[in-house]
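One structure is given below, encoded as structure tokens.
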Amino acid sequence: MESSYKKLFENNKKWVAEMTQQDPNYFLDLAKGQTPEYLWIGCSDSRVPANEITGTKPGEMFVHRNIANMVVHNDLNLLSVLAYAVDVLKVKHIIVCGHYGCGGVEAAMGNKQFGLIDNWLRNIKEVYRTHTEELSAIDDRKERLRRFVELNVAEQVLDLGKTTIVQNAWQRDQPLHIHGWVYDIADGIVKDLGVTFRDADELPEVFRFNEPIAI
């Protein structure tokens, strides 16, 4: 147990040596700041590393991860990351990336209790409830889970568009697109679901705000 922990420090030293050999100014340049164009909202699953999947370097992608890549409107962690990414870093793209075989989505598809996490899974169950007719019509459980993963991503993209953070950016004419992807762990390929929002006019009317709140 202790050896596996210490291995992390050994790996870190090897990585530092490798990066500085490639570029002596690598860490000096990183220390100057970050200007990422992308915010990645992904699953906490250890098999879904944002930078490796997209071939981006440190400093190019701002990342938030939680169980099943959820956009929950009372999650201050998510909202704080979103506000910083949009208002301060001025990212141009927000990507919600789910993955096939997601344990959180699969758990939400069943009726087993898991304890505290059930409070989080309830948000995913709401997605199932919204799309019950389509999902219940899929007899093959594996295929139903894959479709549930896709629908969950699509709903989270919509939920991003509902936020005042995103809509206020659009009202400022700040270039900002939100996208939905699914990653297949079995082959490493990312699938664009085609659920992209570029401005508030693409949202259902009931979710559109007329103007920013006066402060």
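Here's how to read the names in the structure tokens: chain A, B, ... by the order shown, residue numbers from 1 in each chain, ligand numbers from 1 in the order shown.
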
If we count only C-alpha atoms and set the cut-off at 12 Å, which residues sit around range 130-134 of chain A, ignoring sequence neighbours fewer than 6 positions away in its own chain? Please answer as number ranges by chain. A: 109, 123-124, 143-145, 147-152, 154-155

Contacts of range 12-128 of chain A with range 196-214 of chain A up to 12 Å, shortest pair per row, only C-alpha atoms, as a tab-separated table:
residue	atom	partner	partner_atom	distance
A:Lys92	CA	A:Arg198	CA	10.3
A:His93	CA	A:Arg198	CA	9.5
A:Ile94	CA	A:Thr196	CA	9.7
A:Ile95	CA	A:Thr196	CA	9.3
A:Val96	CA	A:Thr196	CA	10.3

Keeping only C-alpha atoms, write the selected residues to a file as a compact mmCIF listing (two decimals), in the first residue's frame.
# COMPACT_ATOMS: atom_id res chain seq x y z
CA LYS A 92 -15.25 29.79 -26.29
CA HIS A 93 -16.58 26.23 -25.99
CA ILE A 94 -18.16 24.27 -23.15
CA ILE A 95 -18.19 20.52 -23.71
CA VAL A 96 -20.33 18.11 -21.71

Find the residues of range 11-72 of chain A that sit at most 10 Å from range 166-185 of chain A; for each, write down the nearest two atoms and how far apart they are in Å, to one decimal. Count only C-alpha atoms. Sort by chain, then by number going up, and give it as a Markdown table.
| residue | atom | partner | partner_atom | distance |
| --- | --- | --- | --- | --- |
| A:Glu37 | CA | A:Leu176 | CA | 9.7 |
| A:Tyr38 | CA | A:Leu176 | CA | 9.7 |
| A:Leu39 | CA | A:Ile178 | CA | 9.3 |
| A:Trp40 | CA | A:His179 | CA | 9.8 |
| A:Ile41 | CA | A:Gly180 | CA | 9.7 |
| A:Gly42 | CA | A:Trp181 | CA | 9.5 |
| A:Arg47 | CA | A:Ile185 | CA | 7.3 |
| A:Val48 | CA | A:Ile185 | CA | 7.6 |
| A:Ile53 | CA | A:Tyr183 | CA | 8.5 |

What residues in range 9-99 of chain A get the DSSP label strand (DSSP E or B)? Please answer as a PDB file with C-alpha atoms, in the first residue's frame.
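As written to disk, out11.pdb reads:
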ATOM      1  CA  TYR A  38     -12.493  25.057 -23.579  1.00  0.00           C
ATOM      2  CA  LEU A  39     -14.377  24.092 -20.439  1.00  0.00           C
ATOM      3  CA  TRP A  40     -14.792  20.318 -20.103  1.00  0.00           C
ATOM      4  CA  ILE A  41     -17.613  18.999 -17.902  1.00  0.00           C
ATOM      5  CA  GLY A  42     -16.999  15.284 -17.668  1.00  0.00           C
ATOM      6  CA  CYS A  43     -17.479  12.215 -15.529  1.00  0.00           C
ATOM      7  CA  MET A  61      -8.650  23.019 -21.154  1.00  0.00           C
ATOM      8  CA  PHE A  62     -10.413  24.015 -17.927  1.00  0.00           C
ATOM      9  CA  VAL A  63     -11.948  20.913 -16.340  1.00  0.00           C
ATOM     10  CA  HIS A  64     -14.816  20.077 -14.017  1.00  0.00           C
ATOM     11  CA  ARG A  65     -15.726  16.488 -13.241  1.00  0.00           C
ATOM     12  CA  ASN A  66     -18.461  14.826 -11.223  1.00  0.00           C
ATOM     13  CA  HIS A  93     -16.577  26.234 -25.993  1.00  0.00           C
ATOM     14  CA  ILE A  94     -18.159  24.266 -23.149  1.00  0.00           C
ATOM     15  CA  ILE A  95     -18.191  20.515 -23.706  1.00  0.00           C
ATOM     16  CA  VAL A  96     -20.330  18.110 -21.707  1.00  0.00           C
ATOM     17  CA  CYS A  97     -18.764  14.698 -22.284  1.00  0.00           C
ATOM     18  CA  GLY A  98     -20.403  11.521 -21.068  1.00  0.00           C
ATOM     19  CA  HIS A  99     -19.173   8.009 -21.705  1.00  0.00           C
TER      20      HIS A  99
END

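The residue that comes closest to Asn74 in chain A, out of A:Asp159, A:Gly115, A:Glu126, A:Gly110 and on the basis of only C-alpha atoms, is A:Asp159.
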
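The coordinates place CA of Asp140 in chain A at 22.6 Å from CA of Ile189 in chain A.
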
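Our summary of the geometry notes that CA of Leu135 in chain A is positioned 12.9 Å from CA of Ala108 in chain A.
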
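You will find CA of Ala83 in chain A at 25.0 Å from CA of Asp29 in chain A.
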
Top pick for closest residue to Leu121 in chain A, considering A:Asn69, A:Asn12, A:Ser80, A:Ser46 and counting only C-alpha atoms: A:Asn69

For Pro58 in chain A, work out the shell of residues within 10 Å, counting only C-alpha atoms and skipping chain neighbours fewer than 6 positions away, then give it as a PyMOL selection string. chain A and resi 30+34+36+51

Written selection (C-alpha atoms) as a compact mmCIF listing (two decimals), in the first residue's frame:
# COMPACT_ATOMS: atom_id res chain seq x y z
CA LEU A 30 2.74 27.32 -17.51
CA GLN A 34 -3.80 29.95 -18.37
CA PRO A 36 -7.99 27.88 -22.16
CA ASN A 51 -6.54 16.10 -21.90

Expected answer as a ChimeraX atom specification: helix (DSSP H, G or I) residues in range 17-210 of chain A: /A:17-22,26-30,50-54,76-88,103-109,118-130,132-136,141-162,164-171,200-202,205-207
